[in-house]
Amino acid sequence: MNTTTKTQLPLGGKPQKGLYEVTKKGYYGEFGGAYIPEMLYPNVEELRQNYLEIMADSSFKKEFDQLLKDYVGRPSPLYFAERLSQKYNTKIYLKREDLNHTGAHKVNNTIGQILMAKRLGKTRIIAETGAGQHGVATATVCALMGIQCVVYMGEIDIARQAPNVARMKMLGAEVRPALSGSRTLKDATNEAIRDWINNPVDTHYIIGSAIGPHPYPDLVTRFQSIISEEIKWQLQEKEGRKNPDFVVACVGGGSNAAGSYYHFLHEKEVGIIAVEAAGKGIDSGESAATSALGKVGIIHGCKTLLMQTDDGQITEPYSISAGLDYPGVGPMHAQLYQSGRAEFISITDEEAMQAGMLLSKLEGIIPAIESSHAFAIFESHKFNPDDVVVVTLSGRGDKDLQTYIDYFKL
Ligand SMILES: *Cc1c(COP(=O)(O)O)cnc(C)c1O
């Protein structure tokens, strides 16, 4: 039985020219690249020139593997959800990222990036956060390593997400309010970029999803690809085959999805399903269904699909789940959408909330509302009885309890 978390292919492998793997210049088809102010170029370039080599280094891999095992608690189980499977008459496995330390997949990436920052000689970490989940995952690894941490967060978000702000403070991070613009994620990102421009030598900027200028989408995807790497050997143990018929994940910026798909991208028999947040309905004007509604544009340093007005202003997204409430999508997903390699499904708040309640009742697992979106597809999407469908349960629902309480009047 293979119970190690030894990472194989993706860390440091040569980037392959292809549709779904990034090219040397950072493109997935027409998407990706690095559209950044010139002042930021040295920082991003230093990372670009070094990241593959650092990841390929055996001592790096060893430290990454060890921390994933002993600190994060990997491998995360691949759990056969028997009662859910019976209900929908197909074989459903859950990839339990909710059981990771800090309660979601985000820590896979922050562990990887802090190790990378150390290898680059950085002594200070900055990050931006909207709902606070990425801020907490970053503050956690900074505490672990004893490295100074500054998290930028919109003033409005600070007020909305008090428990996560408290967590970051307990973990020793400084939470700096972004006071300009709409005082939310976009403004926090601008502040973080400004900070990085002013502190190019000692600071590393940890981006929290498979977005941003090249090499970030590839970097984050490689760290998160531990998810699909484990699914392969876990499925081999349970089903006698490495590939599921379908792999399903929710998409905010796209990191848990990219990690869940990575080792299946070139396996044609594996269907890839991406689930986006339709909010109050795709045509309601209050949604975050980026691919369905998006047009090509530039956001946070990369060319991708994003929700925008006819004259190119980014539209304010909406979803009941803070983690999916993002107007763009990572460039790999834009390419998966445009090429038809992945099927994109959008799920409303109502459908997601019902699916979260159902999973709680049927399996004793209260999911994050982001993850609930992925489970909601079974209501409308029929699978064959012998299909093996792996769904990534990206996070646990503790953080969303108040939203569940208010929604269902519990
Ligand atoms: C942040 C978050 C997401 C969305 O982020 P991705 O980068 O798209 O994975 C999904 N689920 C949970 C639990 C999250 O915390």
# chains A, B, ... in the order shown; residues from 1 in each chain; ligands from 1
call {"tool": "residues_around", "arguments": {"residues": "range 366-373 of chain A", "least_positions_apart": "4", "cutoff": "9 Å", "atoms": "only C-alpha atoms", "output": "PyMOL selection string"}}
result
chain A and resi 98+104+249-252+275-277+320-324+346-349+351-357+359-361+377+391-401+403-404
call {"tool": "residues_around", "arguments": {"residues": "range 378-388 of chain A", "least_positions_apart": "2", "cutoff": "9 Å", "atoms": "only C-alpha atoms", "output": "list of chain:residue names"}}
result
A:Ser85, A:Tyr88, A:Asn89, A:Thr90, A:Lys91, A:Ile92, A:Tyr93, A:Glu239, A:Asn243, A:Pro244, A:Asp245, A:Phe246, A:Val247, A:Glu351, A:Ala355, A:Ala374, A:Phe375, A:Ala376, A:Val390
call {"tool": "closest_residue", "arguments": {"among": "A:Thr140, A:Gln86, A:Thr221, A:Gln161", "to": "ligand 1", "atoms": "only C-alpha atoms and all ligand atoms"}}
result
A:Thr221
call {"tool": "residues_around", "arguments": {"residues": "range 128-135 of chain A", "least_positions_apart": "2", "cutoff": "8 Å", "atoms": "only C-alpha atoms", "output": "ChimeraX atom specification"}}
result
/A:106,126,137-139,151-154,157,161,164-165,168,184-185,188-189,192,207-208,322-323
call {"tool": "atom_distance", "arguments": {"atom1": "CA of Glu97 in chain A", "atom2": "CA of Glu363 in chain A"}}
result
15.5 Å
call {"tool": "residues_around", "arguments": {"residues": "Tyr326 in chain A", "least_positions_apart": "6", "cutoff": "7 Å", "atoms": "only C-alpha atoms", "output": "list in words"}}
result
Gly252, Gly253, Ala288 and Pro317 of chain A
call {"tool": "closest_residue", "arguments": {"among": "A:Gly259, A:Pro327, A:Gly312, A:Gly271", "to": "Glu286 in chain A", "atoms": "only C-alpha atoms"}}
result
A:Pro327
call {"tool": "select_by_dssp", "arguments": {"residues": "range 50-216 of chain A", "states": "alpha helix (DSSP H)", "output": "ChimeraX atom specification"}}
result
/A:50-56,58-67,82-88,106-119,133-145,155-160,162-170,185-198,216
call {"tool": "residues_around", "arguments": {"residues": "Arg341 in chain A", "least_positions_apart": "2", "cutoff": "9 Å", "atoms": "only C-alpha atoms", "output": "ChimeraX atom specification"}}
result
/A:265,268,271-272,335-339,343
call {"tool": "closest_residue", "arguments": {"among": "A:Met307, A:Val270, A:Ala81, A:Leu358", "to": "Lys232 in chain A", "atoms": "only C-alpha atoms"}}
result
A:Val270
call {"tool": "closest_atom_pairs", "arguments": {"of": "range 305-382 of chain A", "to": "range 27-41 of chain A", "cutoff": "7 Å", "atoms": "only C-alpha atoms", "output": "JSON lines"}}
result
{"residue": "A:Pro331", "atom": "CA", "partner": "A:Gly32", "partner_atom": "CA", "distance": 5.0}
{"residue": "A:Met332", "atom": "CA", "partner": "A:Tyr28", "partner_atom": "CA", "distance": 5.8}
{"residue": "A:Ala334", "atom": "CA", "partner": "A:Phe31", "partner_atom": "CA", "distance": 6.9}
{"residue": "A:Gln335", "atom": "CA", "partner": "A:Tyr28", "partner_atom": "CA", "distance": 6.1}
call {"tool": "closest_residue", "arguments": {"among": "A:Phe408, A:Trp233, A:Phe223, A:Phe264", "to": "ligand 1", "atoms": "only C-alpha atoms and all ligand atoms"}}
result
A:Phe223
call {"tool": "select_by_dssp", "arguments": {"residues": "range 17-234 of chain A", "states": "strand (DSSP E or B)", "output": "PyMOL selection string"}}
result
chain A and resi 27-28+31-32+78-80+91-96+104+124-129+148-154+174-178+203-205
call {"tool": "atom_distance", "arguments": {"atom1": "CA of Gln236 in chain A", "atom2": "CA of Asp70 in chain A"}}
result
23.7 Å
call {"tool": "closest_residue", "arguments": {"among": "A:Thr123, A:Asn256, A:Gln49, A:Ser58", "to": "ligand 1", "atoms": "only C-alpha atoms and all ligand atoms"}}
result
A:Asn256
call {"tool": "closest_residue", "arguments": {"among": "A:Gly181, A:Ala257, A:Lys169, A:Arg241", "to": "Ile227 in chain A", "atoms": "only C-alpha atoms"}}
result
A:Ala257
call {"tool": "atom_distance", "arguments": {"atom1": "CA of Gln308 in chain A", "atom2": "CA of Asp187 in chain A"}}
result
17.0 Å
